[in-house]
$ cat final16.txt   # compact mmCIF, C-alpha atoms and all ligand atoms
# COMPACT_ATOMS: atom_id res chain seq x y z
CA MET K 173 0.00 0.00 0.00
CA GLU K 174 2.71 2.43 1.08
CA THR K 175 4.75 1.80 -2.10
CA ALA K 176 1.74 2.06 -4.39
CA LEU K 177 0.87 5.44 -2.90
CA LYS K 178 4.38 6.77 -3.18
CA ASP K 179 4.80 6.78 -6.92
CA LYS K 180 2.82 9.90 -7.81
CA LYS K 181 4.49 11.90 -10.53
CA PRO K 182 5.01 15.67 -10.63
CA GLY K 183 2.35 15.93 -13.36
CA ASN K 184 -0.29 15.43 -10.69
CA LEU K 185 0.84 18.24 -8.40
CA PRO K 186 -2.05 20.05 -6.71
CA ASP K 187 -3.00 23.63 -7.56
CA VAL K 188 -5.02 26.10 -5.48
CA LYS K 189 -7.23 28.87 -6.85
CA LYS K 190 -8.89 30.25 -3.72
CA VAL K 191 -8.31 31.07 -0.07
CA LEU K 192 -8.58 27.79 1.82
CA ASP K 193 -10.20 27.27 5.19
CA TYR K 194 -8.61 24.96 7.76
CA TYR K 195 -10.19 21.81 6.31
CA GLY K 196 -9.34 22.74 2.72
CA LEU K 197 -5.74 23.29 3.76
CA GLU K 198 -5.67 19.96 5.58
CA ASP K 199 -6.91 18.21 2.41
CA LEU K 200 -4.18 19.91 0.41
CA ILE K 201 -1.47 18.89 2.90
CA LEU K 202 -2.59 15.26 2.97
CA LYS K 203 -2.36 15.04 -0.84
CA TYR K 204 1.41 15.41 -0.50
CA GLU K 205 1.67 12.16 1.47
CA ALA K 206 1.41 10.44 -1.90
CA PHE K 207 4.50 12.09 -3.38
CA GLU K 208 7.85 10.35 -3.32
CA GLY K 209 10.22 11.88 -0.79
CA VAL K 210 7.64 14.00 1.07
CA SER K 211 7.14 13.14 4.73
CA VAL K 212 4.07 14.48 6.55
CA LYS K 213 3.84 14.48 10.36
CA SER K 214 1.24 16.15 12.52
CA TYR K 215 0.82 17.59 15.99
CA PRO K 216 -2.76 17.38 17.32
CA LEU K 217 -4.28 20.18 19.38
CA ILE K 218 -7.02 19.81 22.01
CA SER K 219 -9.54 21.14 19.47
CA GLY K 220 -8.81 18.14 17.24
CA LYS K 221 -7.14 20.28 14.60
CA ARG K 222 -3.53 19.68 13.69
CA ILE K 223 -0.31 21.47 12.92
CA TYR K 224 1.40 19.68 10.03
CA HIS K 225 5.09 19.34 9.30
CA LEU K 226 5.91 18.53 5.68
CA SER K 227 9.52 17.71 4.95
CA TYR K 228 11.17 17.30 1.55
CA GLY K 229 14.84 16.70 0.69
CA GLU K 230 17.61 14.97 2.57
CA GLY K 231 20.27 17.68 2.80
CA GLY K 232 22.08 18.90 5.89
CA ASN K 233 20.99 22.55 5.37
CA ARG K 234 17.38 23.06 6.31
CA LEU K 235 14.90 25.89 5.85
CA VAL K 236 12.05 25.76 8.37
CA SER K 237 9.18 27.78 6.95
CA VAL K 238 6.56 28.66 9.59
CA CYS K 239 3.30 29.40 7.78
CA GLY K 240 0.50 31.40 9.36
CA LEU K 241 1.23 31.97 13.07
CA HIS K 242 -1.50 34.62 12.71
CA GLY K 243 -4.68 32.85 11.60
CA ASN K 244 -6.15 35.83 9.74
CA GLU K 245 -3.17 36.22 7.39
CA ARG K 246 -4.56 33.69 4.98
CA SER K 247 -2.12 33.34 2.09
CA SER K 248 0.78 32.98 4.54
CA ALA K 249 -0.69 29.63 5.64
CA GLN K 250 -1.17 28.10 2.18
CA PHE K 251 1.48 29.50 -0.22
CA TRP K 252 4.05 26.75 0.53
CA TYR K 253 2.47 24.35 -1.98
CA LYS K 254 3.86 26.58 -4.76
CA SER K 255 7.44 26.33 -3.55
CA LEU K 256 7.07 22.64 -2.75
CA ASN K 257 5.62 21.92 -6.21
CA GLU K 258 8.56 23.66 -7.88
CA LEU K 259 11.03 21.68 -5.77
CA ILE K 260 9.32 18.36 -6.54
CA GLU K 261 9.23 19.23 -10.23
CA LYS K 262 12.72 20.67 -10.67
CA GLY K 263 14.65 19.15 -7.78
CA MET K 264 16.06 20.49 -4.51
CA PRO K 265 19.05 22.84 -4.47
CA LYS K 266 22.12 20.82 -3.48
CA ASP K 267 22.30 19.60 0.14
CA THR K 268 19.07 21.26 1.28
CA ARG K 269 15.89 20.22 3.03
CA TYR K 270 12.56 22.08 3.06
CA SER K 271 10.57 21.90 6.27
CA VAL K 272 7.08 23.43 6.13
CA VAL K 273 5.03 24.00 9.29
CA ALA K 274 1.40 24.67 8.28
CA PRO K 275 -0.98 25.84 9.45
CA ALA K 276 1.02 27.20 12.38
CA ASN K 277 -2.21 28.40 14.04
CA PRO K 278 -4.98 25.94 13.05
CA ASP K 279 -7.71 27.32 15.35
CA GLY K 280 -6.91 30.90 14.35
CA LEU K 281 -7.15 29.87 10.68
CA LYS K 282 -10.50 28.16 11.29
CA TYR K 283 -11.99 31.33 12.82
CA ASN K 284 -10.03 33.84 10.71
CA ASN K 285 -8.50 35.15 13.93
CA ARG K 286 -4.99 36.44 14.64
CA HIS K 287 -4.97 34.61 18.00
CA ASN K 288 -5.26 30.94 18.93
CA SER K 289 -8.21 29.35 20.77
CA HIS K 290 -6.89 30.65 24.11
CA GLY K 291 -6.82 34.22 22.83
CA MET K 292 -3.01 34.11 22.69
CA ASP K 293 -0.92 35.81 20.03
CA LEU K 294 1.41 32.95 19.06
CA ASN K 295 3.98 35.40 17.75
CA ARG K 296 4.40 36.83 21.25
CA ASP K 297 4.80 33.48 23.04
CA TRP K 298 8.39 32.60 22.15
CA TYR K 299 9.89 33.56 25.52
CA GLU K 300 7.29 31.70 27.63
CA LEU K 301 6.45 28.93 25.13
CA SER K 302 3.18 28.46 26.99
CA GLN K 303 1.02 27.23 24.10
CA ALA K 304 0.74 23.78 22.48
CA GLU K 305 1.30 25.38 19.05
CA THR K 306 4.56 27.13 19.95
CA LYS K 307 5.83 23.98 21.70
CA ALA K 308 5.11 21.85 18.61
CA ILE K 309 6.81 24.32 16.24
CA LYS K 310 9.79 24.64 18.60
CA SER K 311 10.27 20.86 18.45
CA VAL K 312 10.51 21.05 14.65
CA ILE K 313 12.98 23.96 14.78
CA ASP K 314 15.09 22.26 17.47
CA GLU K 315 15.78 19.07 15.47
CA GLN K 316 19.52 18.71 15.75
CA ASP K 317 20.57 16.69 12.72
CA CYS K 318 21.04 19.65 10.37
CA ARG K 319 21.89 23.34 10.10
CA THR K 320 18.71 25.41 10.23
CA ILE K 321 17.46 28.81 9.10
CA VAL K 322 13.92 29.96 9.89
CA PHE K 323 11.42 32.03 7.90
CA ASP K 324 8.25 33.23 9.63
CA HIS K 325 5.53 34.08 7.09
CA HIS K 326 2.99 36.84 7.71
CA GLU K 327 0.84 39.33 5.88
CA CYS K 328 1.08 42.87 7.16
CA MET K 329 2.00 46.38 6.09
CA ASP K 330 4.87 47.87 7.94
CA ASP K 331 7.42 45.44 9.27
CA PRO K 332 10.89 44.62 8.04
CA LEU K 333 11.68 41.47 6.14
CA TYR K 334 14.56 40.05 8.08
CA PHE K 335 16.19 39.98 11.44
CA LEU K 336 19.78 39.39 12.46
CA GLU K 337 20.55 39.05 16.14
CA ASP K 338 24.02 40.40 15.50
CA PRO K 339 23.96 42.83 12.54
CA GLY K 340 27.75 43.19 12.95
CA SER K 341 28.33 39.55 12.03
CA VAL K 342 30.12 39.45 8.68
CA ARG K 343 28.98 35.91 8.00
CA MET K 344 25.31 36.69 8.72
CA SER K 345 25.46 39.82 6.58
CA ARG K 346 26.91 37.79 3.70
CA ILE K 347 24.09 35.28 3.99
CA ARG K 348 21.60 38.16 3.99
CA ASP K 349 23.14 39.78 0.91
CA SER K 350 23.26 36.52 -0.96
CA PHE K 351 19.64 35.82 0.01
CA PHE K 352 18.39 39.20 -1.28
CA LYS K 353 20.24 38.73 -4.56
CA GLU K 354 18.43 35.42 -5.03
CA LEU K 355 15.11 36.93 -3.96
CA TYR K 356 15.28 39.75 -6.51
CA LYS K 357 16.12 37.25 -9.26
CA GLU K 358 13.30 34.97 -8.22
CA LEU K 359 10.70 37.76 -8.03
CA GLU K 360 11.80 39.13 -11.39
CA LYS K 361 11.26 35.70 -12.92
CA HIS K 362 7.60 35.98 -11.93
CA SER K 363 7.32 39.70 -12.81
CA LEU K 364 6.65 40.58 -9.20
CA PRO K 365 8.09 44.00 -8.30
CA ILE K 366 9.49 43.61 -4.79
CA GLY K 367 7.95 46.92 -3.66
CA ASP K 368 4.47 45.66 -4.50
CA PHE K 369 4.70 42.84 -2.05
CA PHE K 370 7.21 43.80 0.59
CA TYR K 371 7.71 46.89 2.69
CA PRO K 372 10.10 49.32 0.96
CA TYR K 373 12.67 48.99 3.74
CA THR K 374 13.04 45.31 3.00
CA ASN K 375 16.74 45.35 2.34
CA ARG K 376 17.83 47.52 5.22
CA HIS K 377 19.67 46.43 8.25
CA THR K 378 17.26 46.28 11.10
CA GLY K 379 18.32 45.76 14.66
CA GLU K 380 15.07 47.22 15.91
CA ALA K 381 12.68 44.30 15.52
CA ALA K 382 10.81 44.25 18.81
CA ARG K 383 12.03 41.85 21.44
CA SER K 384 8.52 40.89 22.32
CA GLY K 385 8.60 37.11 22.19
CA GLN K 386 8.34 36.81 18.42
CA LEU K 387 9.51 33.61 16.76
CA ILE K 388 12.64 35.37 15.57
CA ASN K 389 13.43 36.29 19.18
CA TYR K 390 13.74 32.54 19.75
CA THR K 391 15.68 31.63 16.61
CA ALA K 392 18.04 34.56 15.95
CA PRO K 393 19.91 34.27 19.30
CA LYS K 394 20.62 30.65 18.29
CA LYS K 395 22.50 32.04 15.27
CA MET K 396 19.85 30.89 12.84
CA PHE K 397 19.43 33.32 9.94
CA SER K 398 15.87 34.49 10.62
CA LEU K 399 13.33 36.30 8.46
CA ILE K 400 9.99 37.82 9.30
CA VAL K 401 8.33 37.60 5.91
CA GLU K 402 5.76 40.40 5.93
CA ASN K 403 3.94 40.16 2.65
CA MET K 404 1.60 43.11 2.08
CA GLY K 405 -0.85 40.82 0.28
CA GLN K 406 -3.42 40.94 3.06
CA CYS K 407 -4.58 44.30 1.75
CA MET K 408 -4.70 43.15 -1.87
CA GLY K 409 -7.76 40.97 -2.04
CA GLU K 410 -8.41 37.52 -3.44
CA GLU K 411 -8.00 38.46 -7.11
CA LEU K 412 -4.27 38.78 -6.43
CA LEU K 413 -4.08 35.60 -4.37
CA ASP K 414 -1.86 33.76 -6.84
CA LYS K 415 0.72 36.57 -6.88
CA ARG K 416 0.57 36.95 -3.11
CA MET K 417 1.32 33.26 -2.71
CA GLN K 418 4.07 33.32 -5.35
CA ALA K 419 5.78 36.19 -3.50
CA HIS K 420 5.86 34.09 -0.33
CA ALA K 421 6.99 31.00 -2.23
CA SER K 422 9.77 32.95 -3.94
CA VAL K 423 11.15 33.93 -0.54
CA ASP K 424 11.47 30.28 0.44
CA LEU K 425 13.00 29.26 -2.89
CA ALA K 426 15.56 32.07 -2.57
CA GLY K 427 16.31 30.89 0.98
CA LEU K 428 16.95 27.33 -0.15
CA ARG K 429 19.24 28.44 -2.98
CA THR K 430 21.19 30.57 -0.53
CA LEU K 431 21.47 27.63 1.85
CA SER K 432 22.77 25.35 -0.87
CA ARG K 433 25.78 27.61 -1.33
CA LEU K 434 26.80 27.75 2.32
CA LYS K 435 30.04 26.07 3.20
CA THR K 436 29.03 22.92 5.02
CA ARG K 437 32.00 22.44 7.32
CA LYS K 438 30.66 24.24 10.35
CA ARG K 439 27.52 23.18 12.13
CA SER K 440 26.40 26.65 13.16
CA LEU K 441 26.01 29.69 10.95
ZN ZN I 1 1.28 38.29 11.36
$ encode --input "final16.txt" --output "structure tokens" --more "lines below"
Ligand SMILES: [Zn+2]
Amino acid sequence: METALKDKKPGNLPDVKKVLDYYGLEDLILKYEAFEGVSVKSYPLISGKRIYHLSYGEGGNRLVSVCGLHGNERSSAQFWYKSLNELIEKGMPKDTRYSVVAPANPDGLKYNNRHNSHGMDLNRDWYELSQAETKAIKSVIDEQDCRTIVFDHHECMDDPLYFLEDPGSVRMSRIRDSFFKELYKELEKHSLPIGDFFYPYTNRHTGEAARSGQLINYTAPKKMFSLIVENMGQCMGEELLDKRMQAHASVDLAGLRTLSRLKTRKRSL
């Protein structure tokens, strides 16, 4: 049974034309169980809904993409299928692994709410780690068998796109520069002007991201290159859904290409 299910070919990759609710997203995720090389795990919540972890690729450099910590930022929870489809179709960049956590806030997604079912903002819980959702996502990030960078996908208006704990670090700054070069190339390929989708200060150094228990406040001190991906798509409406999702997906693809070029000798960045 397992083998028979695992021989789906890229020609059958799923496509999405609308904003999905929690159950629609769950259906989409479970379709990927049938594709060779994709592993799908899940973390159940008390409400019965689940956070899923899809993993693809075997490399030692891993991008963990956290999708939709805020349940009302809809395209940030479902875009990942675009990047995953491209990777299945064209292959992974050398020595990389793509780890998708979606939906990061299942109850928030169900009720189109920023918060989880306990009224908690999950992107302010990364000092206390008091919620089942943050604990589950932490366990994915903490896996020790690879080098990890973390992208945290949102839809908003006015936040920066990346965060370095130590902006003075030459190595981190190089990774950032190389990432943005890839991102511009990738967005150009899809005719997506970066300013249409990301805040104009995207490529500036920013040491001022609030230390308020955001996901990046957990990952950046661990020397993981960390991005807050604030896609302005929330204000754009459903007719631009495909472009909004492609902009998110392009960020992840650029991250994986950057990772594939890192020297692999050292364990930490
Ligand atoms: Zn958000």
$ atom_distance --input "final16.txt" --atom1 "atom CA of K:Leu355" --atom2 "atom CA of K:Leu226"
22.7 Å
$ residues_around --input "final16.txt" --residues "K:Asn295" --least-positions-apart "6" --cutoff "7 Å" --atoms "only C-alpha atoms" --output "PyMOL selection string"
chain K and resi 241+385-387
$ closest_residue --input "final16.txt" --among "K:Gly220, K:Gly196, K:Pro339, K:Gly243" --to "ligand ZN 1 (chain I)" --atoms "only C-alpha atoms and all ligand atoms"
K:Gly243
$ closest_residue --input "final16.txt" --among "K:Thr320, K:Asn244, K:Thr430, K:Asn257" --to "K:His287" --atoms "only C-alpha atoms"
K:Asn244
$ residues_near_ligand --input "final16.txt" --ligand "ligand ZN 1 (chain I)" --cutoff "6 Å" --atoms "only C-alpha atoms and all ligand atoms" --output "PDB file with C-alpha atoms, in the frame of the given file"
ATOM      1  CA  HIS K 242      -1.500  34.620  12.710  1.00  0.00           C
ATOM      2  CA  HIS K 326       2.990  36.840   7.710  1.00  0.00           C
ATOM      3  CA  GLU K 327       0.840  39.330   5.880  1.00  0.00           C
TER       4      GLU K 327
END
$ closest_residue --input "final16.txt" --among "K:Ser311, K:Gln250, K:Ser398, K:Ser350" --to "K:Leu281" --atoms "all atoms listed in the file"
K:Gln250
$ residues_near_point --input "final16.txt" --point "(9.0, 14.0, 5.9)" --cutoff "9 Å" --atoms "only C-alpha atoms" --output "VMD selection string"
chain K and resid 205 209 to 213 225 to 229 271
$ residues_around --input "final16.txt" --residues "K:Lys221" --least-positions-apart "6" --cutoff "10 Å" --atoms "all atoms listed in the file" --output "MDAnalysis selection string"
chainID K and resid 194:195 198 214:215 275 277:279 282
$ closest_residue --input "final16.txt" --among "K:Arg319, K:Arg416, K:Lys307, K:Arg234" --to "K:Leu364" --atoms "all atoms listed in the file"
K:Arg416
$ closest_residue --input "final16.txt" --among "K:His290, K:Arg429, K:His420, K:Arg343" --to "K:Ser248" --atoms "only C-alpha atoms"
K:His420
